[in-house]
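What's in work09.txt: compact mmCIF, C-alpha atoms and all ligand atoms
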```
# COMPACT_ATOMS: atom_id res chain seq x y z
CA MET A 871 -26.89 12.51 14.12
CA ALA A 872 -24.97 14.99 16.29
CA ASN A 873 -28.06 15.96 18.27
CA TYR A 874 -25.76 17.67 20.72
CA LEU A 875 -25.24 20.50 18.19
CA ARG A 876 -28.74 21.89 18.68
CA LYS A 877 -27.95 24.45 21.39
CA TYR A 878 -24.17 24.54 21.64
CA PHE A 879 -22.90 26.96 24.30
CA ILE A 880 -19.31 28.27 24.09
CA MET A 881 -17.67 30.22 26.93
CA GLY A 882 -14.46 31.23 28.65
CA SER A 883 -13.99 33.39 31.72
CA GLN A 884 -13.26 36.38 29.44
CA ASN A 885 -16.89 36.27 28.28
CA CYS A 886 -18.32 36.42 31.80
CA ASN A 887 -19.19 39.33 34.04
CA ARG A 888 -20.04 36.90 36.84
CA ASP A 889 -19.04 33.41 38.01
CA PRO A 890 -18.57 31.15 34.91
CA GLU A 891 -19.59 28.07 36.92
CA LYS A 892 -22.93 29.69 37.73
CA ILE A 893 -23.49 30.75 34.13
CA LEU A 894 -22.75 27.23 32.86
CA THR A 895 -24.98 25.62 35.48
CA GLU A 896 -27.86 27.96 34.59
CA ALA A 897 -27.35 27.33 30.87
CA ILE A 898 -27.46 23.56 31.44
CA ALA A 899 -30.60 23.86 33.55
CA ALA A 900 -32.12 25.92 30.74
CA GLY A 901 -31.44 23.24 28.11
CA ILE A 902 -28.12 23.64 26.30
CA THR A 903 -27.06 20.43 24.54
CA ALA A 904 -23.23 20.83 24.44
CA PHE A 905 -20.53 23.03 25.93
CA GLN A 906 -17.18 24.24 24.57
CA PHE A 907 -14.52 25.62 26.92
CA ARG A 908 -12.93 28.47 24.93
CA GLU A 909 -10.52 30.34 27.19
CA LYS A 910 -9.08 32.71 24.64
CA GLY A 911 -8.54 36.41 23.86
CA ASN A 912 -8.36 39.56 25.98
CA GLY A 913 -8.59 38.87 29.70
CA SER A 914 -8.50 35.08 29.38
CA LEU A 915 -6.76 32.82 31.88
CA SER A 916 -3.66 30.77 31.11
CA GLY A 917 -1.53 28.11 32.78
CA GLU A 918 -2.76 26.63 36.06
CA ALA A 919 -5.66 29.09 36.35
CA LYS A 920 -7.01 27.93 32.97
CA ILE A 921 -6.65 24.28 33.95
CA THR A 922 -8.35 24.84 37.31
CA LEU A 923 -11.36 26.54 35.69
CA GLY A 924 -11.44 23.89 32.94
CA LYS A 925 -11.62 21.12 35.54
CA LYS A 926 -14.52 22.80 37.34
CA LEU A 927 -16.52 23.36 34.15
CA ARG A 928 -15.72 19.85 32.95
CA GLU A 929 -17.04 18.42 36.22
CA ILE A 930 -20.29 20.36 35.91
CA CYS A 931 -20.82 18.97 32.39
CA ARG A 932 -20.03 15.45 33.59
CA GLN A 933 -22.54 15.78 36.39
CA TYR A 934 -25.33 16.71 33.95
CA THR A 935 -24.12 14.50 31.05
CA ILE A 936 -23.52 17.44 28.73
CA PRO A 937 -20.83 16.82 26.04
CA PHE A 938 -17.71 18.84 26.90
CA PHE A 939 -15.53 20.21 24.09
CA ILE A 940 -12.19 21.98 24.33
CA ASN A 941 -11.32 24.72 21.88
CA ASP A 942 -7.83 24.62 20.27
CA ASP A 943 -5.90 23.36 23.31
CA VAL A 944 -5.01 19.76 22.45
CA GLU A 945 -2.93 19.25 25.59
CA LEU A 946 -5.90 20.09 27.77
CA ALA A 947 -8.00 17.55 25.87
CA SER A 948 -6.31 14.71 27.76
CA VAL A 949 -6.06 16.53 31.09
CA LEU A 950 -9.78 17.32 31.10
CA GLU A 951 -10.87 14.00 29.53
CA VAL A 952 -12.97 15.86 27.00
CA ASP A 953 -15.68 14.39 24.79
CA GLY A 954 -14.55 16.42 21.79
CA ILE A 955 -12.21 19.03 20.34
CA HIS A 956 -13.01 22.02 18.15
CA VAL A 957 -10.30 23.38 15.86
CA GLY A 958 -10.08 26.02 13.16
CA GLN A 959 -8.23 26.03 9.88
CA ASP A 960 -4.98 27.28 11.48
CA ASP A 961 -5.08 25.00 14.54
CA THR A 962 -3.82 21.40 14.92
CA SER A 963 -4.86 19.47 11.84
CA VAL A 964 -7.93 17.28 11.96
CA ALA A 965 -5.90 14.47 10.36
CA ARG A 966 -3.47 14.44 13.30
CA LEU A 967 -6.24 14.74 15.85
CA ARG A 968 -8.14 11.85 14.29
CA VAL A 969 -5.09 9.60 14.76
CA LYS A 970 -4.33 10.81 18.28
CA PHE A 971 -7.94 10.80 19.51
CA PRO A 972 -9.83 8.19 17.47
CA ASN A 973 -12.77 8.18 19.89
CA LEU A 974 -13.34 11.90 20.35
CA GLU A 975 -15.84 14.06 18.49
CA LEU A 976 -14.01 16.49 16.18
CA GLY A 977 -15.35 19.82 14.97
CA LEU A 978 -13.75 22.03 12.34
CA SER A 979 -14.49 25.67 11.45
CA VAL A 980 -15.23 26.28 7.78
CA SER A 981 -15.83 29.92 6.96
CA ASN A 982 -15.75 30.23 3.17
CA GLU A 983 -15.39 28.30 -0.10
CA GLU A 984 -11.61 28.44 -0.08
CA GLU A 985 -11.52 26.81 3.36
CA PHE A 986 -14.19 24.32 2.32
CA LYS A 987 -12.08 23.14 -0.63
CA LYS A 988 -9.11 22.30 1.58
CA SER A 989 -11.07 20.81 4.49
CA PRO A 990 -11.05 17.04 5.17
CA ILE A 991 -14.80 16.94 5.71
CA HIS A 992 -14.78 13.12 5.75
CA LEU A 993 -12.68 13.18 8.96
CA VAL A 994 -14.85 15.49 11.05
CA ASP A 995 -17.99 14.89 13.09
CA TYR A 996 -19.34 18.37 12.45
CA VAL A 997 -18.43 21.73 10.96
CA GLY A 998 -18.77 25.13 12.63
CA ALA A 999 -20.06 27.45 9.89
CA GLY A 1000 -19.63 31.20 10.22
CA PRO A 1001 -19.51 33.86 11.36
CA ILE A 1002 -23.05 33.89 10.03
CA PHE A 1003 -23.78 37.37 11.39
CA THR A 1004 -21.50 40.16 12.61
CA THR A 1005 -19.99 39.44 16.00
CA SER A 1006 -17.93 41.51 18.41
CA THR A 1007 -17.06 38.51 20.61
CA LYS A 1008 -14.10 37.32 18.52
CA ASP A 1009 -11.48 39.97 17.62
CA ASP A 1010 -10.11 38.11 14.60
CA ALA A 1011 -13.46 36.89 13.27
CA LYS A 1012 -13.67 36.53 9.50
CA PRO A 1013 -16.30 38.50 7.54
CA ALA A 1014 -19.91 37.52 8.20
CA VAL A 1015 -21.17 35.15 5.51
CA GLY A 1016 -24.93 35.07 6.11
CA THR A 1017 -27.21 32.06 6.23
CA GLU A 1018 -26.42 31.40 2.54
CA TRP A 1019 -23.24 29.79 3.80
CA ILE A 1020 -25.26 27.14 5.64
CA THR A 1021 -27.33 26.52 2.52
CA PHE A 1022 -24.16 26.14 0.43
CA LEU A 1023 -22.70 23.55 2.82
CA ARG A 1024 -26.01 21.70 3.12
CA ASN A 1025 -26.28 21.46 -0.67
CA LYS A 1026 -22.74 20.03 -0.86
CA HIS A 1027 -23.25 17.54 1.99
CA ARG A 1028 -26.78 16.44 2.68
CA HIS A 1029 -25.89 14.55 5.87
CA LEU A 1030 -23.08 16.69 7.28
CA PRO A 1031 -23.74 17.91 10.83
CA ILE A 1032 -23.52 21.72 10.66
CA VAL A 1033 -23.63 24.21 13.52
CA GLY A 1034 -23.95 27.91 12.71
CA ILE A 1035 -21.91 30.39 14.76
CA GLY A 1036 -21.36 34.13 15.02
CA GLY A 1037 -23.85 36.80 16.10
CA ILE A 1038 -26.62 34.27 16.65
CA ASN A 1039 -29.30 35.05 19.21
CA GLU A 1040 -32.85 34.05 20.14
CA ILE A 1041 -34.26 36.30 17.40
CA ASN A 1042 -32.22 35.19 14.37
CA ALA A 1043 -31.54 31.54 15.32
CA SER A 1044 -34.56 30.33 13.34
CA GLN A 1045 -33.04 31.73 10.11
CA VAL A 1046 -29.94 29.60 10.71
CA MET A 1047 -32.01 26.47 11.29
CA GLU A 1048 -34.23 27.15 8.27
CA ALA A 1049 -31.11 27.43 6.10
CA GLY A 1050 -30.26 23.82 7.00
CA ALA A 1051 -28.16 23.88 10.17
CA ASN A 1052 -28.42 21.15 12.81
CA GLY A 1053 -27.93 23.69 15.56
CA VAL A 1054 -26.66 27.05 16.73
CA ALA A 1055 -23.47 27.85 18.66
CA VAL A 1056 -23.58 30.96 20.82
CA ILE A 1057 -21.43 32.85 23.28
CA SER A 1058 -22.78 36.32 24.09
CA ALA A 1059 -26.46 35.45 23.59
CA ILE A 1060 -26.11 33.41 26.79
CA THR A 1061 -23.24 35.05 28.72
CA LYS A 1062 -24.85 38.48 28.35
CA ALA A 1063 -28.45 37.35 28.82
CA GLN A 1064 -30.58 39.00 31.48
CA ASN A 1065 -32.52 35.76 31.68
CA ILE A 1066 -30.59 32.67 30.53
CA LYS A 1067 -33.64 30.41 30.88
CA GLU A 1068 -35.73 32.52 28.50
CA VAL A 1069 -32.92 32.89 25.93
CA VAL A 1070 -32.04 29.18 25.80
CA LYS A 1071 -35.73 28.27 25.57
CA SER A 1072 -36.19 30.69 22.63
CA LEU A 1073 -33.09 29.40 20.84
C1 LIG A 1101 -18.61 25.45 17.05
C2 LIG A 1101 -17.49 26.37 16.72
N1 LIG A 1101 -17.40 26.84 15.46
C3 LIG A 1101 -16.39 27.70 15.14
C4 LIG A 1101 -15.46 28.06 16.09
C5 LIG A 1101 -14.29 28.97 15.74
O1 LIG A 1101 -13.06 28.26 15.74
P1 LIG A 1101 -11.73 28.97 15.19
O2 LIG A 1101 -12.00 29.40 13.81
O3 LIG A 1101 -10.58 28.07 15.41
O4 LIG A 1101 -11.59 30.25 16.13
P2 LIG A 1101 -11.33 30.26 17.70
O5 LIG A 1101 -12.62 29.87 18.39
O6 LIG A 1101 -10.25 29.28 18.02
O7 LIG A 1101 -10.95 31.65 18.02
C6 LIG A 1101 -15.59 27.54 17.38
N2 LIG A 1101 -14.73 27.84 18.36
N3 LIG A 1101 -16.61 26.68 17.67
C1 LIG A 1102 -15.78 31.74 18.30
C2 LIG A 1102 -16.38 32.33 17.08
N1 LIG A 1102 -16.09 31.82 15.85
C3 LIG A 1102 -16.70 32.46 14.86
S1 LIG A 1102 -17.66 33.70 15.43
C4 LIG A 1102 -17.25 33.38 17.04
C5 LIG A 1102 -17.79 34.17 18.19
C6 LIG A 1102 -19.22 33.87 18.48
O1 LIG A 1102 -19.65 34.64 19.57
P1 LIG A 1102 -21.10 35.29 19.60
O2 LIG A 1102 -22.08 34.17 19.73
O3 LIG A 1102 -21.09 36.14 20.86
O4 LIG A 1102 -21.27 36.11 18.37
MG MG A 1103 -9.35 27.76 16.94
```
In structure tokens, write the structure found in this file.
Ligand SMILES: Cc1ncc(COP(=O)(O)OP(=O)(O)O)c(N)n1
Ligand SMILES: Cc1ncsc1CCOP(=O)(O)O
Ligand SMILES: [Mg+2]
Amino acid sequence: MANYLRKYFIMGSQNCNRDPEKILTEAIAAGITAFQFREKGNGSLSGEAKITLGKKLREICRQYTIPFFINDDVELASVLEVDGIHVGQDDTSVARLRVKFPNLELGLSVSNEEEFKKSPIHLVDYVGAGPIFTTSTKDDAKPAVGTEWITFLRNKHRHLPIVGIGGINEINASQVMEAGANGVAVISAITKAQNIKEVVKSL
């Protein structure tokens, strides 16, 4: 059941202070189980430059058989022949995506009870729950909800694949798993790591 969620690495060039291809390759060698291309926010690429980087990262994931997700950008989903798409509450609706891409994995962000009530949980393959802890990686992040949010979702849906996100690192990841998550999604814990191998191993 969604084993790929266990160590889910998310990255765009705006998160990197060195070559994103090298960071992804090191993260894969260290044991990540899925990758999401999230080219978004201050300093991110757009247009052809975004597509070119997306193609390179997609190829690396294909080479090592790591599931490749695209964040938000539904047009790029076809161009990059992705394995899955991650959307938030204000992005393209899961209902539309399910019709357009019946064979892709679909992830949806669910950050609080209000969002949970209006979410078509039966249509998604997993939910991204958070931000669990405070994060400075996403400018418009919602308030941190703590690991209680994972417990809430787990109590509502015993078999729902859940990945925690937001401020997660090698030190606090175990709290997220103990609360009932199937995995942890991280950006800065890996992109800013001195030693990617050690961090991914500890996660
Ligand atoms: C695995 C995972 N969970 C949550 C998110 C956040 O998605 P969203 O709320 O749409 O915010 P943006 O990432 O689009 O800024 C995610 N990307 N991945
Ligand atoms: C994309 C996203 N969605 C909720 S928090 C977040 C950012 C996670 O980044 P980090 O792992 O560096 O806190
Ligand atoms: Mg989004």
Please identify all polymer residues within 12 Å of region 1008-1019 of chain A, counting only C-alpha atoms, omitting same-chain residues fewer than 3 positions from it, and present them as a PDB file with C-alpha atoms, in the coordinates of the input.
```pdb
ATOM      1  CA  ILE A 880     -19.310  28.270  24.090  1.00  0.00           C
ATOM      2  CA  MET A 881     -17.670  30.220  26.930  1.00  0.00           C
ATOM      3  CA  GLY A 882     -14.460  31.230  28.650  1.00  0.00           C
ATOM      4  CA  GLN A 884     -13.260  36.380  29.440  1.00  0.00           C
ATOM      5  CA  ASN A 885     -16.890  36.270  28.280  1.00  0.00           C
ATOM      6  CA  ARG A 908     -12.930  28.470  24.930  1.00  0.00           C
ATOM      7  CA  GLU A 909     -10.520  30.340  27.190  1.00  0.00           C
ATOM      8  CA  LYS A 910      -9.080  32.710  24.640  1.00  0.00           C
ATOM      9  CA  GLY A 911      -8.540  36.410  23.860  1.00  0.00           C
ATOM     10  CA  ASN A 912      -8.360  39.560  25.980  1.00  0.00           C
ATOM     11  CA  GLY A 958     -10.080  26.020  13.160  1.00  0.00           C
ATOM     12  CA  GLN A 959      -8.230  26.030   9.880  1.00  0.00           C
ATOM     13  CA  SER A 979     -14.490  25.670  11.450  1.00  0.00           C
ATOM     14  CA  VAL A 980     -15.230  26.280   7.780  1.00  0.00           C
ATOM     15  CA  SER A 981     -15.830  29.920   6.960  1.00  0.00           C
ATOM     16  CA  ASN A 982     -15.750  30.230   3.170  1.00  0.00           C
ATOM     17  CA  GLU A 983     -15.390  28.300  -0.100  1.00  0.00           C
ATOM     18  CA  GLU A 985     -11.520  26.810   3.360  1.00  0.00           C
ATOM     19  CA  PHE A 986     -14.190  24.320   2.320  1.00  0.00           C
ATOM     20  CA  VAL A 997     -18.430  21.730  10.960  1.00  0.00           C
ATOM     21  CA  GLY A 998     -18.770  25.130  12.630  1.00  0.00           C
ATOM     22  CA  ALA A 999     -20.060  27.450   9.890  1.00  0.00           C
ATOM     23  CA  GLY A1000     -19.630  31.200  10.220  1.00  0.00           C
ATOM     24  CA  PRO A1001     -19.510  33.860  11.360  1.00  0.00           C
ATOM     25  CA  ILE A1002     -23.050  33.890  10.030  1.00  0.00           C
ATOM     26  CA  PHE A1003     -23.780  37.370  11.390  1.00  0.00           C
ATOM     27  CA  THR A1004     -21.500  40.160  12.610  1.00  0.00           C
ATOM     28  CA  THR A1005     -19.990  39.440  16.000  1.00  0.00           C
ATOM     29  CA  PHE A1022     -24.160  26.140   0.430  1.00  0.00           C
ATOM     30  CA  LEU A1023     -22.700  23.550   2.820  1.00  0.00           C
ATOM     31  CA  ARG A1024     -26.010  21.700   3.120  1.00  0.00           C
ATOM     32  CA  ASN A1025     -26.280  21.460  -0.670  1.00  0.00           C
ATOM     33  CA  LYS A1026     -22.740  20.030  -0.860  1.00  0.00           C
ATOM     34  CA  ILE A1032     -23.520  21.720  10.660  1.00  0.00           C
ATOM     35  CA  VAL A1033     -23.630  24.210  13.520  1.00  0.00           C
ATOM     36  CA  GLY A1034     -23.950  27.910  12.710  1.00  0.00           C
ATOM     37  CA  ILE A1035     -21.910  30.390  14.760  1.00  0.00           C
ATOM     38  CA  GLY A1036     -21.360  34.130  15.020  1.00  0.00           C
ATOM     39  CA  GLY A1037     -23.850  36.800  16.100  1.00  0.00           C
ATOM     40  CA  ILE A1038     -26.620  34.270  16.650  1.00  0.00           C
ATOM     41  CA  ASN A1042     -32.220  35.190  14.370  1.00  0.00           C
ATOM     42  CA  ALA A1043     -31.540  31.540  15.320  1.00  0.00           C
ATOM     43  CA  SER A1044     -34.560  30.330  13.340  1.00  0.00           C
ATOM     44  CA  GLN A1045     -33.040  31.730  10.110  1.00  0.00           C
ATOM     45  CA  VAL A1046     -29.940  29.600  10.710  1.00  0.00           C
ATOM     46  CA  MET A1047     -32.010  26.470  11.290  1.00  0.00           C
ATOM     47  CA  GLU A1048     -34.230  27.150   8.270  1.00  0.00           C
ATOM     48  CA  ALA A1049     -31.110  27.430   6.100  1.00  0.00           C
ATOM     49  CA  GLY A1050     -30.260  23.820   7.000  1.00  0.00           C
ATOM     50  CA  ALA A1051     -28.160  23.880  10.170  1.00  0.00           C
ATOM     51  CA  VAL A1054     -26.660  27.050  16.730  1.00  0.00           C
ATOM     52  CA  VAL A1056     -23.580  30.960  20.820  1.00  0.00           C
ATOM     53  CA  ILE A1057     -21.430  32.850  23.280  1.00  0.00           C
ATOM     54  CA  SER A1058     -22.780  36.320  24.090  1.00  0.00           C
TER      55      SER A1058
END
```
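In this structure, CA of Lys1071 (chain A) sits 28.3 Å away from CA of Ser914 (chain A).
If one restricts the calculation to all atoms listed in the file, the set of residues situated within 6 Å of ligand MG 1103 (chain A) consists of Asp942, Val957, Gly958 and Asp961 of chain A.
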Which one is closest to ligand LIG 1102 (chain A): A:Val969, A:Ala1055, A:Val1070, A:Ile898? Count only C-alpha atoms and all ligand atoms. A:Ala1055
Return the padded bounding box of ligand LIG 1102 (chain A) as AutoDock Vina command-line options: axis-aligned, built from all atoms listed in the file, 4 Å added on each side, with centre and edge lengths in Å to one decimal.
```
--center_x -18.9 --center_y 33.9 --center_z 17.9 --size_x 14.3 --size_y 12.4 --size_z 14.0
```
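Among A:Thr935, A:Ser948, A:Asn941, A:Thr1007, the residue with the shortest atom-to-atom distance to ligand LIG 1101 (chain A), counting only C-alpha atoms and all ligand atoms, is A:Asn941.
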Nearest residue to ligand LIG 1102 (chain A) from the set A:Val994, A:Val944, A:Leu967, A:Cys886 (distances using only C-alpha atoms and all ligand atoms): A:Cys886
Between A:Glu891, A:Leu915, A:Arg876, A:Asp995, smallest distance to Asn973 (chain A) by only C-alpha atoms belongs to A:Asp995
One residue among A:Ala1059, A:Lys892, A:Ser1006, A:Ile991 is nearest to Ile930 (chain A) when using all atoms listed in the file, and that residue is A:Lys892
For each of A:His956, A:Lys920, A:Lys987, A:His992, take the minimum atom-to-atom distance to ligand LIG 1102 (chain A), counting all atoms listed in the file, then give the residue where this is smallest. A:His956
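CA of Phe905 (chain A) lies 21.4 Å from CA of Ser963 (chain A).
Our summary of the geometry notes that CA of Ile936 (chain A) is positioned 23.9 Å from CA of Glu918 (chain A).
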